[in-house]
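The next block holds one structure in the form of C-alpha cells; read it before the comments.
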Amino acid sequence: MRRTLIMLGTVALTLAVAVPAQADPSRHGQYGRATLTGFASLPAQTYVPGSEPSGSLLGTAPSNGITPPFPGQPVQGFSGIVRNHDGTFFALSDNGYGAKANSSDFLLRVHHIKPSFRDGTIKVLGGFNLTDPYGKAPFPLTRQDRKLTGADFDVESIVRTSDGTYWIGDEFGPFLLHFSAGGKLLEAPIALPGVQAPENPYLNGGTPNLGGSKGFEGMARSVDGRTLYPLLEGTVTGDPAGTLRINEFDLRRRAYTGQRWAYQLDSPSNAIGDFIAIDKRRFLVIERDNGQGDAAAFKKIFEVTLSNHGVEKTLVADLLDIANPRHIGGFGDTFRFPFQTIEDVVILDDRTLGVLDDNNYPFSNGRTAGVADNNEFITIRLTRDLDADRRVYS
C-alpha cells in the first residue's frame, strides 16, 4: 500500500493507491482456480428485429468476413449488466463501433436477454432504446427525434436503483446519466469535476486531461443503494502511471462527495472492464490487457477493498486458466476467455460469477482468428465463498 501526492492545478491531492498484490505461493491466490459451470453464446450477426440499418460510416471493406453497412442494429458490445430475478438480464450495448465519428447510426440500447446454459444459447427477449424526449441534454444531439446514438454518448456501465431507474456511466464526458425504467433521460448529464475527455461537448477548444473514451468503464452501486462508485478506464493527466480514479457519488444529494481512491493496474497498458460491489467496502473489478486469442495474456478478476488507508487488491479468478473437467461448450480441460474486451461480471451466488464479453462487432476475433466474436456468457465457480452482503442480490 502506498499514498501518493499529486498536483492538479494548484490543489494538492492525496490519493490512496492500490498496489498490485505480491506473488502468491499458489498462482490462483486464495480463491483457488475457478471452474467453468456454464457456457452460452449469442451469434455475432444478431440484429434488433425491425431496426434501422447501421454501420454506414464503416466503409465497405469486410471485417472478419462481415461487410458493412448492416441490415439492422447489432445486438453487440455487452458493456454492462443488470440481473433480474427470473433468469434474465439487462445487457447494455456500448456506443457502437468504437468511436464517436463512426457510430452516429448506432442507437444506444439496453437488451433483455436470457441465457440457457442447458443448450448453450442466449435469447434476446426485447429491450429499450435510450432517448432524451424531455430535452435534458443541454448540447446538440445527433438526431432530431432525440434517440441517443453512439455519437452522443459512449455508455459502458449500468446499475439499477431501488426505484427501478438506471444510472449509466459514459466515457465521452465522462458523465453520469440517469434514465427511467424505459430508457428516458431524466436529468442533465452530470460531469465529473476537473476531468474532461477529448469528446466532452464542453471542452470548447481546451485541453482534455483524460484519454479518448477512457471515462466510466465501470460503476458499482453501494449495497445500501445510496452511493455510486464510478471507475475511470484511463489515468487522469498528472496522476501516477496506471492509476485509475474511483470517485464516490451521493445519489440523494446528486453530488460527488470528494472521497476518492485510486486503483493501480498491474501494467499501465492494461484497462478495466467492470466494477461491482461485494459488500460495503469490497468490490470486484475486471482487469485486462488489450490482446485477444493466443495473444491474450492478462484477463483477471480481482477483489478490491476500499479503506481510509488505501486499496487492497486480491486475485479472484484468472479468465485465461479456468478448469473445465466436464468439457462444457465443447472446450478442453482448460477453458480460456480470450477476448480483447471483457466488460461484465455479476455475482450469481456466493461462489458463482457470471462473466460476459464485449464482442466489438464486427472487429474482434478472440475466439477464432478471422471470425467475428459472438457474445458469450459464462459462469464460473470459485473454491471459496465471497461472503457477499445479501443486498447484492436485491
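Going through the C-alpha cells in order, the chains are called A, B, and so on, while each chain numbers its residues from 1 and the ligands are numbered from 1 in the order shown.
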Find the residues near A:Ile286: any atom within 6 Å, counting only C-alpha atoms, skip ones fewer than 6 places away on the same chain, and give them as a VMD selection string. chain A and resid 272 to 274 300 to 301
Non-local contacts of A:Lys136 (10 Å; only C-alpha atoms; under 4 positions in same chain excluded) as a short mmCIF file (atom, residue, chain, number, x, y, z; two decimals) with C-alpha atoms, in the first residue's frame:
```cif
data_model
loop_
_atom_site.label_atom_id
_atom_site.label_comp_id
_atom_site.auth_asym_id
_atom_site.auth_seq_id
_atom_site.Cartn_x
_atom_site.Cartn_y
_atom_site.Cartn_z
CA THR A 131 -33.69 8.53 -25.53
CA ASP A 132 -33.90 12.17 -24.41
CA LYS A 184 -35.74 8.10 -20.98
CA LEU A 185 -33.09 10.57 -19.76
CA LEU A 186 -34.39 12.10 -16.53
CA GLU A 187 -31.70 14.66 -15.68
CA ALA A 188 -28.99 16.65 -17.39
CA PRO A 189 -25.74 14.68 -17.73
#
```
Name the closest residue to A:Phe117 among the candidates A:Leu36, A:Val285, A:Leu319, A:Leu265; distances are taken between atoms, counting only C-alpha atoms.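 Between A:Leu36, A:Val285, A:Leu319, A:Leu265, the residue approaching A:Phe117 most closely is A:Leu36.
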Residues of stretch 355-394 of chain A classed as strand (DSSP E or B) by DSSP on the backbone are to be reported as a PyMOL selection string. chain A and resi 355-358+375-381
Produce a file of the selected residues containing all heavy atoms, as a JSON list (two decimals), in the first residue's frame.
```json
[["chain", "number", "residue", "atom", "x", "y", "z"],
["A", 355, "VAL", "N", -19.82, -13.95, -16.30],
["A", 355, "VAL", "CA", -18.87, -13.08, -17.00],
["A", 355, "VAL", "C", -19.25, -13.03, -18.48],
["A", 355, "VAL", "O", -19.53, -14.07, -19.09],
["A", 355, "VAL", "CB", -17.42, -13.59, -16.85],
["A", 355, "VAL", "CG1", -16.44, -12.59, -17.45],
["A", 355, "VAL", "CG2", -17.07, -13.85, -15.39],
["A", 356, "LEU", "N", -19.26, -11.82, -19.06],
["A", 356, "LEU", "CA", -19.62, -11.64, -20.47],
["A", 356, "LEU", "C", -18.55, -10.82, -21.17],
["A", 356, "LEU", "O", -17.87, -9.99, -20.55],
["A", 356, "LEU", "CB", -20.96, -10.90, -20.62],
["A", 356, "LEU", "CG", -22.24, -11.61, -20.17],
["A", 356, "LEU", "CD1", -22.41, -11.53, -18.66],
["A", 356, "LEU", "CD2", -23.46, -11.00, -20.86],
["A", 357, "ASP", "N", -18.44, -11.05, -22.48],
["A", 357, "ASP", "CA", -17.51, -10.26, -23.28],
["A", 357, "ASP", "C", -18.26, -9.15, -24.02],
["A", 357, "ASP", "O", -19.47, -9.19, -24.19],
["A", 357, "ASP", "CB", -16.79, -11.14, -24.32],
["A", 357, "ASP", "CG", -17.72, -11.67, -25.40],
["A", 357, "ASP", "OD1", -18.78, -12.22, -25.06],
["A", 357, "ASP", "OD2", -17.39, -11.53, -26.60],
["A", 358, "ASP", "N", -17.50, -8.15, -24.45],
["A", 358, "ASP", "CA", -17.95, -7.16, -25.42],
["A", 358, "ASP", "C", -17.31, -7.57, -26.74],
["A", 358, "ASP", "O", -16.09, -7.53, -26.88],
["A", 358, "ASP", "CB", -17.48, -5.77, -24.99],
["A", 358, "ASP", "CG", -17.77, -4.68, -26.00],
["A", 358, "ASP", "OD1", -18.21, -5.00, -27.12],
["A", 358, "ASP", "OD2", -17.53, -3.50, -25.69],
["A", 375, "ASN", "N", -21.23, -12.94, -28.75],
["A", 375, "ASN", "CA", -21.37, -12.50, -27.36],
["A", 375, "ASN", "C", -21.48, -13.76, -26.50],
["A", 375, "ASN", "O", -22.43, -14.53, -26.65],
["A", 375, "ASN", "CB", -22.63, -11.65, -27.18],
["A", 375, "ASN", "CG", -22.50, -10.28, -27.81],
["A", 375, "ASN", "OD1", -21.61, -9.52, -27.47],
["A", 375, "ASN", "ND2", -23.37, -9.97, -28.75],
["A", 376, "GLU", "N", -20.51, -13.98, -25.62],
["A", 376, "GLU", "CA", -20.51, -15.17, -24.79],
["A", 376, "GLU", "C", -20.82, -14.80, -23.34],
["A", 376, "GLU", "O", -20.41, -13.76, -22.84],
["A", 376, "GLU", "CB", -19.15, -15.88, -24.86],
["A", 376, "GLU", "CG", -18.86, -16.47, -26.24],
["A", 376, "GLU", "CD", -17.58, -17.27, -26.29],
["A", 376, "GLU", "OE1", -16.94, -17.47, -25.23],
["A", 376, "GLU", "OE2", -17.19, -17.69, -27.40],
["A", 377, "PHE", "N", -21.53, -15.71, -22.68],
["A", 377, "PHE", "CA", -21.91, -15.57, -21.27],
["A", 377, "PHE", "C", -21.47, -16.85, -20.59],
["A", 377, "PHE", "O", -21.96, -17.93, -20.91],
["A", 377, "PHE", "CB", -23.43, -15.39, -21.18],
["A", 377, "PHE", "CG", -23.97, -14.96, -19.83],
["A", 377, "PHE", "CD1", -25.04, -14.07, -19.76],
["A", 377, "PHE", "CD2", -23.46, -15.45, -18.64],
["A", 377, "PHE", "CE1", -25.57, -13.68, -18.53],
["A", 377, "PHE", "CE2", -23.96, -15.06, -17.42],
["A", 377, "PHE", "CZ", -25.03, -14.17, -17.36],
["A", 378, "ILE", "N", -20.51, -16.74, -19.67],
["A", 378, "ILE", "CA", -20.06, -17.92, -18.94],
["A", 378, "ILE", "C", -20.36, -17.77, -17.46],
["A", 378, "ILE", "O", -20.53, -16.65, -16.95],
["A", 378, "ILE", "CB", -18.55, -18.17, -19.13],
["A", 378, "ILE", "CG1", -17.70, -17.01, -18.58],
["A", 378, "ILE", "CG2", -18.23, -18.44, -20.61],
["A", 378, "ILE", "CD1", -16.20, -17.30, -18.53],
["A", 379, "THR", "N", -20.45, -18.90, -16.77],
["A", 379, "THR", "CA", -20.50, -18.90, -15.31],
["A", 379, "THR", "C", -19.30, -19.68, -14.79],
["A", 379, "THR", "O", -18.92, -20.71, -15.36],
["A", 379, "THR", "CB", -21.80, -19.51, -14.76],
["A", 379, "THR", "OG1", -21.93, -20.87, -15.21],
["A", 379, "THR", "CG2", -23.00, -18.70, -15.25],
["A", 380, "ILE", "N", -18.68, -19.16, -13.75],
["A", 380, "ILE", "CA", -17.52, -19.82, -13.14],
["A", 380, "ILE", "C", -17.76, -19.95, -11.64],
["A", 380, "ILE", "O", -18.38, -19.10, -11.01],
["A", 380, "ILE", "CB", -16.21, -19.06, -13.41],
["A", 380, "ILE", "CG1", -16.28, -17.62, -12.88],
["A", 380, "ILE", "CG2", -15.90, -19.06, -14.91],
["A", 380, "ILE", "CD1", -14.95, -16.86, -13.00],
["A", 381, "ARG", "N", -17.26, -21.05, -11.08],
["A", 381, "ARG", "CA", -17.42, -21.31, -9.65],
["A", 381, "ARG", "C", -16.08, -21.19, -8.95],
["A", 381, "ARG", "O", -15.07, -21.75, -9.40],
["A", 381, "ARG", "CB", -18.03, -22.69, -9.41],
["A", 381, "ARG", "CG", -18.32, -22.98, -7.94],
["A", 381, "ARG", "CD", -19.26, -24.15, -7.75],
["A", 381, "ARG", "NE", -19.49, -24.47, -6.35],
["A", 381, "ARG", "CZ", -20.35, -23.83, -5.56],
["A", 381, "ARG", "NH1", -21.06, -22.84, -6.06],
["A", 381, "ARG", "NH2", -20.53, -24.20, -4.29]]
```
Nearby residues (only C-alpha atoms) at most 7 Å from stretch 382-384 of chain A, same-chain spacing under 4 positions excluded, as JSON, numbers by chain: {"A": [31, 32, 33, 34, 35, 351, 352]}
For A:Tyr97, which residue among A:Asn200, A:Asn64, A:Asn209, A:Thr149 is the nearest when counting only C-alpha atoms?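 Between A:Asn200, A:Asn64, A:Asn209, A:Thr149, the residue approaching A:Tyr97 most closely is A:Thr149.
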Distance atom CA of A:Gly169-atom CA of A:Ala295, one decimal place?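 Value for the atom CA of A:Gly169-atom CA of A:Ala295 distance: 29.2 Å.
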Can you pull out the residues contacting A:Gly55? Cut-off 7 Å, using only C-alpha atoms, and skip same-chain residues under 5 positions away; I want them as a ChimeraX atom specification. /A:68-70,105
So which residues touch A:Leu348 within 12 Å, counting only C-alpha atoms, skipping near sequence neighbours fewer than 2 positions away, as a PyMOL selection string? chain A and resi 37-38+82-85+87-89+278+345-346+350-355+378-382+385-386+388+390+392-394
State, in Å with one decimal place, the distance from atom CA of A:Phe78 to atom CA of A:Phe339.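 For atom CA of A:Phe78 relative to atom CA of A:Phe339, the distance reads 12.4 Å.
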Which residue out of A:His28, A:Ala40, A:Asn324, A:Ala255 has the minimum interatomic distance to A:Asn374 when only C-alpha atoms are used?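 With only C-alpha atoms as the atom set, the closest residue is A:Ala40.
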Hey, which of A:Phe216, A:Phe275, A:Tyr47, A:Phe179 ends up closest to A:Ala191? Count only C-alpha atoms. A:Phe216
As an exercise, work out the distance from atom CA of A:Asp86 to atom CA of A:Arg109 in Å and give it to one decimal place. 20.8 Å
Compare A:Val195, A:Leu141, A:Ala296, A:Ile190 by their minimum atom-to-atom distance to A:Gly366, counting only C-alpha atoms, and give me the closest one.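 Of all the options, A:Ala296 lies closest to A:Gly366.
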